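Chemist: Below: one structure in structure tokens.
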Amino acid sequence: MKVFGVVGWKNAGKTTLVERLVGEISGRGFTVSTVKHTHHKVDVDQKGKDSWRHRRAGARQVILSSSARWAIMTELKGMPEAPLKELLGHLAPVDLVIVEGYKRDDHAKVEVWRAETGQPLIARGDPTVRVIASNDTPEGASQPVIGLDDIAGIADFILGDLGLELRKSA
């Protein structure tokens, strides 16, 4: 599986870009999965439901399955957060995994940058950032800058960088 990340500071538009890239790239015939990193202690389960009760009783993993989807929840119970590489190993094979977050990992990335966030450009000190998606002109960037709304252009860059553009056509 090929992996390409989307990084940036809070409120830069990472999730919106991921959503639009998934639509664009899957629309071209590629299979795409995503990994979203968060610093919040999220819980996809619902208090009082059967699967929640299983976890609360001490189950290390719970699979919730229906005719529409299934999910596996793993309780860390004080163990360290799983590294991205380990999480990727749990995914079914696809053409591309788009990773939102994990800005310090060593996979190729697009940085979403907006001047109004007041945050510095990650790309200046990170050679894994291959391209910048921005409607602004970031100072000191050596990477190409593609407009945030040029989803096809960003997708073209990602697929080309990963050598996937020759495998499928629009």
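Chain labels A, B, ... are given in the sequence in which chains occur in the structure tokens; within each chain residues are numbered consecutively from 1, and ligands are likewise numbered from 1 in the order shown.
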Taking the chain letters and numbering used in this document, name the residues of chain A that DSSP puts in alpha helix (DSSP H), as a PyMOL selection string.
Modeler: chain A and resi 14-27+50-57+84-88+151-162
Chemist: Under the rule of at most 12 Å, produce a per-residue listing of region 83-102 of chain A near region 109-121 of chain A: chain, number, name, the closest pair of atoms, and the distance in Å, as a Markdown table, using only C-alpha atoms.
Modeler:
| residue | atom | partner | partner_atom | distance |
| --- | --- | --- | --- | --- |
| A:Val97 | CA | A:Lys109 | CA | 11.6 |
| A:Ile98 | CA | A:Lys109 | CA | 9.2 |
| A:Val99 | CA | A:Lys109 | CA | 8.6 |
| A:Glu100 | CA | A:Lys109 | CA | 9.3 |
| A:Gly101 | CA | A:Lys109 | CA | 9.6 |
| A:Tyr102 | CA | A:Lys109 | CA | 9.7 |
Chemist: Emit the selected residues as a PDB file, in the first residue's frame, including C-alpha atoms.
Modeler:
ATOM      1  CA  VAL A  97      -3.875   5.285   2.401  1.00  0.00           C
ATOM      2  CA  ILE A  98      -4.255   8.989   3.139  1.00  0.00           C
ATOM      3  CA  VAL A  99      -3.042   9.774   6.643  1.00  0.00           C
ATOM      4  CA  GLU A 100      -4.270  12.904   8.404  1.00  0.00           C
ATOM      5  CA  GLY A 101      -1.842  13.934  11.110  1.00  0.00           C
ATOM      6  CA  TYR A 102       1.290  12.050  12.134  1.00  0.00           C
TER       7      TYR A 102
END
Chemist: From the DSSP assignment of the backbone, select every residue of region 35-84 of chain A that is strand (DSSP E), and format the answer as a list of chain:residue names.
Modeler: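 So the strand (DSSP E) residues in region 35-84 of chain A would be A:Val35, A:Lys36, A:Gln61, A:Val62, A:Ile63, A:Leu64, A:Ser65, A:Trp70, A:Ala71, A:Ile72, A:Met73, A:Thr74.
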Chemist: For Val62 (chain A), find every residue with an atom within 9 Å (counting only C-alpha atoms), except residues of its own chain fewer than 5 positions away, and show them as a ChimeraX atom specification.
Modeler: /A:51-52,54-55,71-75
Chemist: If you count only C-alpha atoms, which residues fall within 10 Å of Leu17 (chain A), apart from same-chain ones fewer than 2 positions away, as a short mmCIF file (atom, residue, chain, number, x, y, z; two decimals) with C-alpha atoms, in the first residue's frame?
Modeler:
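Output contents, as saved in selection_15.cif:
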data_model
loop_
_atom_site.label_atom_id
_atom_site.label_comp_id
_atom_site.auth_asym_id
_atom_site.auth_seq_id
_atom_site.Cartn_x
_atom_site.Cartn_y
_atom_site.Cartn_z
CA VAL A 6 -1.92 15.49 5.00
CA ALA A 12 -5.75 24.88 8.37
CA GLY A 13 -8.25 22.67 6.52
CA LYS A 14 -6.68 19.22 6.73
CA THR A 15 -9.91 17.26 7.12
CA GLU A 19 -12.34 14.44 2.29
CA ARG A 20 -11.99 16.07 -1.12
CA LEU A 21 -8.91 14.02 -2.04
CA VAL A 22 -10.65 10.76 -1.12
CA GLY A 23 -13.53 11.70 -3.43
CA GLU A 100 -4.27 12.90 8.40
CA VAL A 110 1.19 17.56 1.63
CA VAL A 112 -2.13 22.50 4.26
CA ALA A 133 -1.62 23.22 -0.51
CA LEU A 148 -6.19 24.60 -1.89
CA ASP A 149 -9.15 24.33 -4.25
CA ILE A 151 -8.08 19.17 -5.78
CA ILE A 154 -3.11 18.04 -5.65
#
Chemist: Restricting the calculation to only C-alpha atoms: of A:Ala68, A:Gln61, A:Met79, A:Val94, which residue gets closest to Thr34 (chain A)?
Modeler: A:Val94
Chemist: When you look at Pro127 (chain A) with a cut-off of 12 Å (counting only C-alpha atoms), what residues show up, excluding the ones that are within fewer than 4 positions of it in the same chain? I need them as a PyMOL selection string.
Modeler: chain A and resi 103-111+122-123+131-132+141-143
Chemist: Can you write just those residues out, C-alpha atoms, as a PDB file, in the first residue's frame?
Modeler:
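Below is the file that was written, part-v3.pdb:
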ATOM      1  CA  LYS A 103       3.288  15.078  11.029  1.00  0.00           C
ATOM      2  CA  ARG A 104       6.533  13.739  12.537  1.00  0.00           C
ATOM      3  CA  ASP A 105       6.412  10.351  10.766  1.00  0.00           C
ATOM      4  CA  ASP A 106       8.579   9.742   7.708  1.00  0.00           C
ATOM      5  CA  HIS A 107       5.982   9.211   4.940  1.00  0.00           C
ATOM      6  CA  ALA A 108       5.502  11.724   2.105  1.00  0.00           C
ATOM      7  CA  LYS A 109       3.110  14.568   2.927  1.00  0.00           C
ATOM      8  CA  VAL A 110       1.190  17.555   1.633  1.00  0.00           C
ATOM      9  CA  GLU A 111       1.066  20.472   4.048  1.00  0.00           C
ATOM     10  CA  ILE A 122       6.130  22.863   8.650  1.00  0.00           C
ATOM     11  CA  ALA A 123       7.699  22.265   5.230  1.00  0.00           C
ATOM     12  CA  VAL A 131       4.017  19.857  -1.716  1.00  0.00           C
ATOM     13  CA  ILE A 132       2.119  22.685  -0.042  1.00  0.00           C
ATOM     14  CA  ALA A 141       9.098  27.283   0.792  1.00  0.00           C
ATOM     15  CA  SER A 142      11.189  25.216  -1.594  1.00  0.00           C
ATOM     16  CA  GLN A 143       8.298  22.825  -2.344  1.00  0.00           C
TER      17      GLN A 143
END
Chemist: So which one's closest to Gly8 (chain A), A:Asp126, A:Asp156, A:Leu96, A:Leu76? Using only C-alpha atoms, please.
Modeler: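 With only C-alpha atoms as the atom set, the closest residue is A:Asp126.
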Chemist: Give the answer as one residue: which of A:Asp150, A:Phe157, A:Glu81, A:Phe4 has the shortest atom-to-atom distance to Val32 (chain A), using only C-alpha atoms?
Modeler: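 The answer is A:Phe4, which sits nearest to Val32 (chain A).
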